[in-house]
file final.txt (compact mmCIF, C-alpha atoms)
# COMPACT_ATOMS: atom_id res chain seq x y z
CA MET A 1 0.00 0.00 0.00
CA SER A 2 1.38 3.45 -0.90
CA PRO A 3 1.85 5.96 1.92
CA VAL A 4 -0.83 8.60 2.47
CA LEU A 5 1.80 11.32 2.66
CA GLU A 6 5.24 11.52 1.06
CA VAL A 7 7.40 14.59 1.54
CA GLU A 8 10.70 14.80 -0.28
CA GLN A 9 13.40 17.45 -0.06
CA LEU A 10 11.06 20.22 1.08
CA HIS A 11 12.66 23.66 1.27
CA PHE A 12 10.91 26.84 2.32
CA SER A 13 11.89 30.36 3.27
CA PHE A 14 10.03 33.55 4.07
CA ASP A 15 11.41 36.43 2.00
CA SER A 16 13.73 38.16 4.41
CA ARG A 17 14.50 35.42 6.91
CA GLY A 18 16.79 32.49 6.06
CA GLU A 19 15.58 29.01 5.18
CA VAL A 20 12.84 27.88 7.56
CA LEU A 21 12.68 24.32 6.19
CA ARG A 22 15.84 22.66 4.91
CA GLY A 23 15.36 19.51 2.87
CA ILE A 24 12.65 17.76 4.90
CA THR A 25 11.92 14.18 3.82
CA PHE A 26 9.50 11.76 5.46
CA THR A 27 6.51 9.50 4.78
CA VAL A 28 3.34 8.60 6.67
CA ALA A 29 1.58 5.27 6.16
CA ALA A 30 -2.20 4.75 6.29
CA GLY A 31 -3.46 4.70 9.90
CA GLU A 32 -0.05 5.62 11.30
CA CYS A 33 0.44 8.33 13.93
CA VAL A 34 3.62 10.33 13.41
CA GLY A 35 4.83 13.07 15.70
CA ILE A 36 6.88 16.07 14.58
CA MET A 37 8.67 17.41 17.59
CA GLY A 38 10.90 20.42 17.94
CA ALA A 39 11.46 23.54 19.99
CA ASN A 40 9.61 26.80 19.33
CA GLY A 41 10.59 28.19 15.94
CA SER A 42 12.02 24.89 14.67
CA GLY A 43 9.61 24.90 11.69
CA LYS A 44 6.91 22.43 12.81
CA SER A 45 3.89 24.60 11.96
CA THR A 46 5.47 25.87 8.75
CA LEU A 47 6.07 22.27 7.68
CA LEU A 48 2.36 21.42 8.14
CA TRP A 49 1.33 24.56 6.22
CA CYS A 50 3.69 23.59 3.38
CA VAL A 51 2.43 20.00 3.30
CA LEU A 52 -1.11 21.29 2.70
CA GLY A 53 -0.03 23.89 0.14
CA LEU A 54 -0.85 26.89 2.33
CA TYR A 55 2.74 28.04 1.82
CA ARG A 56 4.41 27.34 -1.50
CA ALA A 57 7.54 25.36 -0.84
CA GLU A 58 10.17 23.82 -3.08
CA GLY A 59 10.27 20.04 -3.14
CA THR A 60 7.79 17.23 -3.59
CA VAL A 61 4.60 16.53 -1.65
CA ARG A 62 2.53 13.50 -2.63
CA LEU A 63 -0.85 12.92 -1.01
CA PHE A 64 -2.45 9.46 -1.27
CA GLY A 65 0.06 8.36 -3.90
CA GLU A 66 -0.59 11.32 -6.20
CA PRO A 67 1.14 14.68 -6.61
CA PHE A 68 -0.32 17.34 -4.34
CA SER A 69 -3.42 19.06 -5.70
CA ARG A 70 -6.40 20.92 -4.27
CA LYS A 71 -8.53 17.94 -5.17
CA ASN A 72 -6.60 15.39 -3.13
CA ARG A 73 -6.09 17.94 -0.34
CA ARG A 74 -9.81 17.57 0.33
CA ARG A 75 -9.07 14.07 1.66
CA ALA A 76 -6.99 15.61 4.46
CA SER A 77 -8.01 17.78 7.43
CA PHE A 78 -6.07 20.24 9.53
CA VAL A 79 -6.55 21.31 13.15
CA PHE A 80 -4.98 24.71 13.79
CA GLN A 81 -3.20 25.66 17.00
CA ASN A 82 -5.86 28.27 17.78
CA PRO A 83 -9.31 26.68 17.33
CA GLU A 84 -10.85 30.15 16.96
CA ASP A 85 -9.21 30.29 13.53
CA GLN A 86 -11.53 27.51 12.40
CA LEU A 87 -14.81 28.08 14.20
CA PHE A 88 -16.99 31.09 13.47
CA MET A 89 -20.64 30.05 13.08
CA PRO A 90 -23.27 31.06 15.69
CA LYS A 91 -23.78 27.42 16.69
CA LEU A 92 -21.16 24.69 17.08
CA VAL A 93 -23.23 22.16 15.15
CA GLU A 94 -23.41 24.57 12.20
CA ASP A 95 -19.65 25.04 12.31
CA VAL A 96 -19.07 21.29 12.18
CA ALA A 97 -21.66 20.79 9.44
CA LEU A 98 -20.41 23.59 7.19
CA PRO A 99 -17.69 21.65 5.29
CA LEU A 100 -20.25 18.96 4.49
CA LEU A 101 -22.77 21.52 3.25
CA ASN A 102 -20.05 23.01 1.12
CA ARG A 103 -19.44 19.61 -0.45
CA GLY A 104 -23.08 19.34 -1.45
CA THR A 105 -24.38 17.15 1.40
CA SER A 106 -28.03 17.88 2.26
CA ALA A 107 -28.67 20.08 5.32
CA GLU A 108 -30.36 17.21 7.25
CA GLU A 109 -27.56 14.73 6.61
CA ALA A 110 -24.89 17.36 7.36
CA SER A 111 -26.54 18.22 10.69
CA MET A 112 -26.87 14.54 11.59
CA LYS A 113 -23.20 13.84 10.85
CA ALA A 114 -22.18 16.98 12.72
CA VAL A 115 -24.08 15.86 15.83
CA SER A 116 -22.39 12.43 15.60
CA ALA A 117 -18.95 14.06 15.30
CA LEU A 118 -19.71 16.24 18.33
CA GLU A 119 -20.86 13.14 20.21
CA VAL A 120 -17.50 11.46 19.50
CA ALA A 121 -15.73 14.58 20.77
CA GLY A 122 -17.89 14.59 23.94
CA LEU A 123 -19.56 17.86 22.98
CA ARG A 124 -23.12 16.78 22.16
CA GLN A 125 -24.51 19.05 24.90
CA ALA A 126 -22.71 22.08 23.46
CA ALA A 127 -24.08 21.67 19.92
CA ASP A 128 -26.29 24.76 20.07
CA ARG A 129 -23.75 27.04 21.72
CA PRO A 130 -21.29 29.26 19.85
CA ALA A 131 -17.65 28.17 19.98
CA SER A 132 -16.70 31.46 21.65
CA GLN A 133 -18.54 30.35 24.82
CA LEU A 134 -16.58 27.10 25.20
CA SER A 135 -13.45 26.48 27.24
CA LEU A 136 -10.18 26.14 25.33
CA GLY A 137 -10.16 22.35 25.79
CA GLU A 138 -13.71 22.13 24.42
CA LYS A 139 -12.80 24.42 21.51
CA LYS A 140 -9.87 22.16 20.61
CA ARG A 141 -12.11 19.09 20.64
CA ALA A 142 -14.72 20.98 18.60
CA ALA A 143 -12.07 21.85 16.02
CA ILE A 144 -11.11 18.17 15.84
CA ALA A 145 -14.80 17.23 15.40
CA ALA A 146 -15.04 19.78 12.58
CA ALA A 147 -11.95 18.26 10.99
CA LEU A 148 -13.19 14.67 11.34
CA VAL A 149 -16.71 15.22 10.03
CA THR A 150 -15.59 14.90 6.41
CA SER A 151 -14.04 11.47 7.17
CA PRO A 152 -10.50 12.47 6.18
CA GLU A 153 -7.81 9.88 5.50
CA LEU A 154 -5.10 12.14 6.91
CA LEU A 155 -5.39 14.43 9.93
CA LEU A 156 -2.75 17.06 10.69
CA LEU A 157 -2.72 18.71 14.11
CA ASP A 158 -0.68 21.77 15.02
CA GLU A 159 0.24 22.02 18.72
CA PRO A 160 -3.00 20.39 19.91
CA THR A 161 -2.05 20.55 23.60
CA ALA A 162 -0.87 24.17 23.65
CA GLU A 163 -2.28 25.97 26.72
CA LEU A 164 -4.35 22.95 27.83
CA ASP A 165 -4.56 21.65 31.39
CA GLY A 166 -3.86 18.01 32.32
CA ARG A 167 -7.48 16.84 32.19
CA SER A 168 -8.06 18.42 28.77
CA VAL A 169 -4.87 16.77 27.46
CA ARG A 170 -6.07 13.37 28.72
CA ARG A 171 -9.42 13.88 26.97
CA LEU A 172 -7.60 14.82 23.78
CA VAL A 173 -5.43 11.70 23.99
CA ALA A 174 -8.56 9.55 24.43
CA LEU A 175 -10.17 11.21 21.41
CA LEU A 176 -7.17 10.89 19.11
CA ARG A 177 -5.82 7.49 20.18
CA ASP A 178 -8.23 5.17 18.39
CA LEU A 179 -8.97 7.18 15.27
CA PRO A 180 -8.70 4.97 12.19
CA VAL A 181 -6.95 7.70 10.24
CA ALA A 182 -3.32 8.65 9.60
CA ARG A 183 -2.27 11.45 11.98
CA VAL A 184 0.62 13.90 11.90
CA ILE A 185 0.98 15.80 15.16
CA ALA A 186 3.31 18.78 15.53
CA SER A 187 4.06 19.42 19.17
CA HIS A 188 6.75 19.85 21.80
CA ASP A 189 4.68 18.02 24.40
CA LEU A 190 6.82 14.91 24.83
CA GLY A 191 4.35 13.03 27.06
CA PHE A 192 1.49 13.62 24.64
CA LEU A 193 3.52 12.50 21.62
CA GLY A 194 4.79 9.47 23.55
CA GLU A 195 1.24 8.35 24.29
CA LEU A 196 -0.05 8.69 20.73
CA CYS A 197 2.74 8.33 18.20
CA SER A 198 4.49 5.22 17.01
CA ARG A 199 7.17 7.22 15.19
CA LEU A 200 8.75 10.61 15.81
CA LEU A 201 10.67 13.11 13.72
CA VAL A 202 12.88 15.56 15.55
CA LEU A 203 13.12 18.97 13.93
CA SER A 204 15.81 21.50 14.71
CA GLU A 205 16.35 24.76 12.83
CA GLY A 206 14.25 23.54 9.93
CA ALA A 207 15.94 20.17 9.41
CA VAL A 208 15.12 16.64 10.57
CA ILE A 209 17.93 15.68 12.92
CA ALA A 210 16.49 12.31 13.96
CA GLU A 211 13.68 9.94 13.07
CA GLY A 212 12.67 6.66 14.66
CA PRO A 213 10.36 4.77 17.01
CA ALA A 214 8.83 7.04 19.65
CA ALA A 215 10.14 5.03 22.61
CA ALA A 216 13.74 5.19 21.38
CA ILE A 217 13.64 8.89 20.53
CA LEU A 218 12.07 9.87 23.85
CA LYS A 219 14.76 7.96 25.77
CA ASP A 220 17.60 9.78 24.02
CA SER A 221 18.11 12.71 26.37
CA ALA A 222 21.19 13.99 24.51
CA LEU A 223 19.12 14.26 21.32
CA LEU A 224 16.23 15.96 23.13
CA GLU A 225 18.63 18.45 24.65
CA GLN A 226 20.22 19.12 21.28
CA ALA A 227 16.74 19.83 19.86
CA GLY A 228 15.95 22.20 22.73
CA LEU A 229 13.15 19.99 24.03
CA ILE A 230 14.47 19.46 27.57
CA MET B 231 -26.03 52.19 46.95
CA VAL B 232 -24.84 51.27 43.44
CA LEU B 233 -27.57 50.60 40.92
CA ARG B 234 -26.65 47.97 38.35
CA PRO B 235 -28.33 48.09 34.96
CA ARG B 236 -30.38 44.96 34.41
CA GLY B 237 -31.86 43.19 31.37
CA LYS B 238 -32.71 45.61 28.60
CA ALA B 239 -30.88 48.48 30.25
CA ARG B 240 -27.68 46.42 30.31
CA LEU B 241 -28.17 45.50 26.65
CA LEU B 242 -28.72 49.15 25.75
CA LYS B 243 -25.58 50.09 27.66
CA ARG B 244 -23.57 47.50 25.68
CA TRP B 245 -24.97 48.84 22.40
CA LEU B 246 -24.13 52.41 23.32
CA LEU B 247 -20.63 51.42 24.40
CA ALA B 248 -20.13 49.66 21.04
CA LEU B 249 -21.29 52.83 19.31
CA LEU B 250 -18.94 55.07 21.28
CA PRO B 251 -15.79 54.56 19.12
CA VAL B 252 -17.88 55.19 15.98
CA LEU B 253 -19.32 58.39 17.48
CA LEU B 254 -15.85 59.57 18.48
CA PHE B 255 -14.45 58.80 15.03
CA SER B 256 -17.37 60.58 13.35
CA ALA B 257 -16.86 63.61 15.58
CA MET B 258 -13.16 63.52 14.71
CA LEU B 259 -13.99 63.50 10.98
CA ALA B 260 -16.28 66.53 11.34
CA LEU B 261 -13.68 68.30 13.49
CA MET B 262 -10.93 67.67 10.94
CA GLN B 263 -13.09 69.15 8.18
CA TRP B 264 -13.84 72.19 10.34
CA VAL B 265 -10.19 72.69 11.38
CA ALA B 266 -9.06 72.42 7.75
CA GLY B 267 -11.53 75.16 6.83
CA MET B 268 -13.56 72.80 4.68
CA PRO B 269 -17.35 72.73 4.73
CA VAL B 270 -18.53 70.21 7.34
CA THR B 271 -20.41 67.63 5.27
CA TRP B 272 -22.81 64.88 6.32
CA LEU B 273 -19.95 62.35 6.21
CA TRP B 274 -20.07 61.91 9.99
CA LEU B 275 -23.78 61.06 9.88
CA LYS B 276 -23.36 58.71 6.90
CA MET B 277 -20.70 56.85 8.84
CA ILE B 278 -22.96 56.35 11.85
CA LEU B 279 -25.83 55.22 9.59
CA VAL B 280 -23.60 52.74 7.72
CA PHE B 281 -22.42 51.33 11.05
CA LEU B 282 -26.00 50.96 12.34
CA VAL B 283 -27.30 49.37 9.12
CA THR B 284 -24.32 46.97 8.86
CA THR B 285 -24.69 45.97 12.51
CA ALA B 286 -28.41 45.37 12.07
CA VAL B 287 -27.91 43.35 8.88
CA VAL B 288 -25.17 41.20 10.39
CA ARG B 289 -26.69 40.75 13.85
CA LEU B 290 -30.42 40.56 13.26
CA LEU B 291 -30.83 38.50 10.08
CA PRO B 292 -30.54 34.69 10.44
CA TRP B 293 -27.68 34.20 7.97
CA ASP B 294 -26.65 30.91 9.56
CA ARG B 295 -30.10 29.37 9.00
CA TRP B 296 -30.16 30.67 5.43
CA ILE B 297 -26.92 28.83 4.68
CA PHE B 298 -28.58 25.57 5.66
CA ARG B 299 -31.44 26.30 3.25
CA THR B 300 -29.20 27.24 0.33
CA ARG B 301 -27.45 24.93 -2.08
CA SER B 302 -23.66 25.01 -1.75
CA GLY B 303 -21.68 26.75 -4.46
CA THR B 304 -24.48 29.17 -5.34
CA VAL B 305 -24.15 32.93 -5.09
CA ARG B 306 -26.75 32.96 -2.28
CA PHE B 307 -24.61 30.52 -0.24
CA TYR B 308 -21.60 32.85 -0.40
CA VAL B 309 -23.76 35.96 0.14
CA ALA B 310 -25.04 34.35 3.34
CA LEU B 311 -21.50 33.43 4.42
CA PHE B 312 -20.17 36.95 3.94
CA PRO B 313 -21.85 38.61 6.96
CA LEU B 314 -20.80 35.67 9.13
CA PHE B 315 -17.20 36.24 8.06
CA VAL B 316 -17.59 39.99 8.74
CA ARG B 317 -18.95 39.22 12.19
CA HIS B 318 -16.05 36.88 12.93
CA PHE B 319 -13.48 39.47 11.81
CA ALA B 320 -15.19 42.10 13.99
CA PHE B 321 -14.97 39.65 16.89
CA VAL B 322 -11.25 39.04 16.18
CA LEU B 323 -10.55 42.77 15.91
CA GLY B 324 -12.44 43.45 19.15
CA ALA B 325 -10.65 40.67 21.03
CA GLU B 326 -7.21 41.77 19.81
CA ALA B 327 -7.99 45.43 20.59
CA ARG B 328 -9.04 44.56 24.15
CA ARG B 329 -5.94 42.38 24.68
CA SER B 330 -3.55 44.98 23.28
CA LEU B 331 -5.01 47.95 25.16
CA VAL B 332 -5.18 46.08 28.46
CA ALA B 333 -1.53 45.00 27.98
CA ARG B 334 -0.59 48.65 27.32
CA SER B 335 -2.42 49.93 30.38
CA LEU B 336 -0.63 47.34 32.54
CA SER B 337 2.81 48.07 31.14
CA VAL B 338 2.94 51.88 31.12
CA ARG B 339 3.47 53.81 34.33
CA ASN B 340 1.01 56.55 33.42
CA GLU B 341 -1.57 55.96 30.69
CA TYR B 342 -1.95 59.68 30.04
CA GLY B 343 1.52 60.94 30.92
CA PRO B 344 4.70 61.45 28.88
CA GLY B 345 5.21 58.73 26.26
CA SER B 346 1.58 57.69 26.39
CA PHE B 347 0.94 58.60 22.75
CA ARG B 348 3.91 56.50 21.64
CA SER B 349 2.80 53.45 23.65
CA LEU B 350 -0.74 53.88 22.32
CA ALA B 351 0.58 54.00 18.75
CA HIS B 352 2.50 50.75 19.35
CA ALA B 353 -0.58 49.13 20.90
CA VAL B 354 -2.76 50.11 17.94
CA GLY B 355 -0.05 48.86 15.54
CA ALA B 356 -0.02 45.54 17.42
CA ILE B 357 -3.81 45.24 17.05
CA PHE B 358 -3.56 45.41 13.27
CA SER B 359 -0.54 43.11 12.90
CA ARG B 360 -2.09 40.46 15.18
CA SER B 361 -5.48 40.77 13.49
CA LEU B 362 -3.81 40.36 10.11
CA ALA B 363 -2.03 37.20 11.27
CA ARG B 364 -5.31 35.79 12.62
CA ALA B 365 -7.14 36.76 9.43
CA GLU B 366 -4.52 34.86 7.42
CA ARG B 367 -5.00 31.74 9.56
CA PHE B 368 -8.79 32.07 9.39
CA TYR B 369 -8.64 32.32 5.60
CA ALA B 370 -6.34 29.27 5.43
CA ALA B 371 -8.65 27.30 7.73
CA GLN B 372 -11.74 28.07 5.65
CA MET B 373 -9.87 27.27 2.44
CA LEU B 374 -8.94 23.86 3.84
CA ARG B 375 -12.59 23.30 4.74
CA GLY B 376 -13.39 23.85 1.08
CA ILE B 377 -14.89 27.31 1.54
CA GLY B 378 -13.50 29.96 -0.76
CA GLU B 379 -11.62 27.56 -3.02

call {"tool": "encode", "arguments": {"input": "final.txt", "output": "structure tokens"}}
result
Amino acid sequence: MSPVLEVEQLHFSFDSRGEVLRGITFTVAAGECVGIMGANGSGKSTLLWCVLGLYRAEGTVRLFGEPFSRKNRRRASFVFQNPEDQLFMPKLVEDVALPLLNRGTSAEEASMKAVSALEVAGLRQAADRPASQLSLGEKKRAAIAAALVTSPELLLLDEPTAELDGRSVRRLVALLRDLPVARVIASHDLGFLGELCSRLLVLSEGAVIAEGPAAAILKDSALLEQAGLI
Amino acid sequence: MVLRPRGKARLLKRWLLALLPVLLFSAMLALMQWVAGMPVTWLWLKMILVFLVTTAVVRLLPWDRWIFRTRSGTVRFYVALFPLFVRHFAFVLGAEARRSLVARSLSVRNEYGPGSFRSLAHAVGAIFSRSLARAERFYAAQMLRGIGE
């Protein structure tokens, strides 16, 4: 089976600053959970933006065995670091249903699927409230529900545990652990990545300095120190 | 004894407070025309009217329900989405303005003393740069959800 995501020799720079990504290469298999870890400013978020074509980078990105295009990007979903960037409708259920409506699903079916997605995220009772009234942990789970409602084959998450308390992180782990979808998680939360990911990539100054099984990477304190993670 | 506005009175107070910056800006426009020796036009009143009409259109009409009754990809679908986007951007701008001005008031020794104009200019600059960054992320998020492609 071909990987769901193949990234080869990806280079990216903002105009005035030096290279932010320097020759990144990695693959993600179907159903696999891969963590991208690195200190602040190491290029994790930029890498996710480049993978989904939000920034134009040099190099090759293949999604689901085909060259990147807007059409095959629709089979992937992205959860932003700040959930308020994604949610804007007056009711949460409408926010979650919107991508389905936009793809031509009927209003009834879209609402039904949105309620199911909110149920999975443990937010059924908040369906009629606006996202702005939820706690940050609830907003993050709502953003994940909105990302999952289209049944993506690849889910990318940018710093999902940023600013969350311990209980919210545990809920997030429970939500993400058993998803039957390939996941790429950018984070510097070592415990969170250790619980979810089978494989980790360590990013430092825009380059992958190590890649391997999560258990082995997380035990290598010299490597973690070099990457600015401990 | 302190009387707290309740119910409708509280709502009216919130509306008037929201209108205050617009009133101040309108007054400023009229003042600038007068100081420059130009005839004071009805620009200040037009601005207040545009604000009131836009607020009423965005807040009072059920755009979200209309989206669910409209077929995706049609002009009506995007027309219904537009005020919701405007409302979200207004929310973002308001939140960033509050954050930036509170941060300024906490960091300067005297809000109205020497250097206050400079710190206010930096705070206002920060509002726009942060709002721009959030607008970029919001646009990217909606594009990935298939809206605006």

call {"tool": "closest_residue", "arguments": {"input": "final.txt", "among": "A:Leu118, A:Leu148, A:Val7, A:Ala30", "to": "chain B", "atoms": "only C-alpha atoms"}}
result
A:Leu148

call {"tool": "interface_residues", "arguments": {"input": "final.txt", "of": "chain B", "to": "chain A", "cutoff": "10 Å", "atoms": "all atoms listed in the file", "output": "number ranges by chain"}}
result
B: 292-295, 297-304, 307, 311, 314-315, 317-319, 321-322, 364-379

call {"tool": "closest_residue", "arguments": {"input": "final.txt", "among": "A:Val120, A:Met37, A:Leu196, A:Val93", "to": "A:Leu224", "atoms": "only C-alpha atoms"}}
result
A:Met37

call {"tool": "residues_around", "arguments": {"input": "final.txt", "residues": "A:Glu163", "least_positions_apart": "6", "cutoff": "12 Å", "atoms": "all atoms listed in the file", "output": "list in words"}}
result
Gln81, Asn82, Pro83, Ser135, Leu136, Gly137, Lys139, Lys140, Val169, Ser187, His188 and Asp189 of chain A

call {"tool": "write_last_selection", "arguments": {"input": "final.txt", "atoms": "C-alpha atoms", "output": "compact mmCIF listing (two decimals), in the frame of the given file"}}
result
# COMPACT_ATOMS: atom_id res chain seq x y z
CA GLN A 81 -3.20 25.66 17.00
CA ASN A 82 -5.86 28.27 17.78
CA PRO A 83 -9.31 26.68 17.33
CA SER A 135 -13.45 26.48 27.24
CA LEU A 136 -10.18 26.14 25.33
CA GLY A 137 -10.16 22.35 25.79
CA LYS A 139 -12.80 24.42 21.51
CA LYS A 140 -9.87 22.16 20.61
CA VAL A 169 -4.87 16.77 27.46
CA SER A 187 4.06 19.42 19.17
CA HIS A 188 6.75 19.85 21.80
CA ASP A 189 4.68 18.02 24.40

call {"tool": "atom_distance", "arguments": {"input": "final.txt", "atom1": "atom CA of B:Ala363", "atom2": "atom CA of B:Arg339"}}
result
28.9 Å
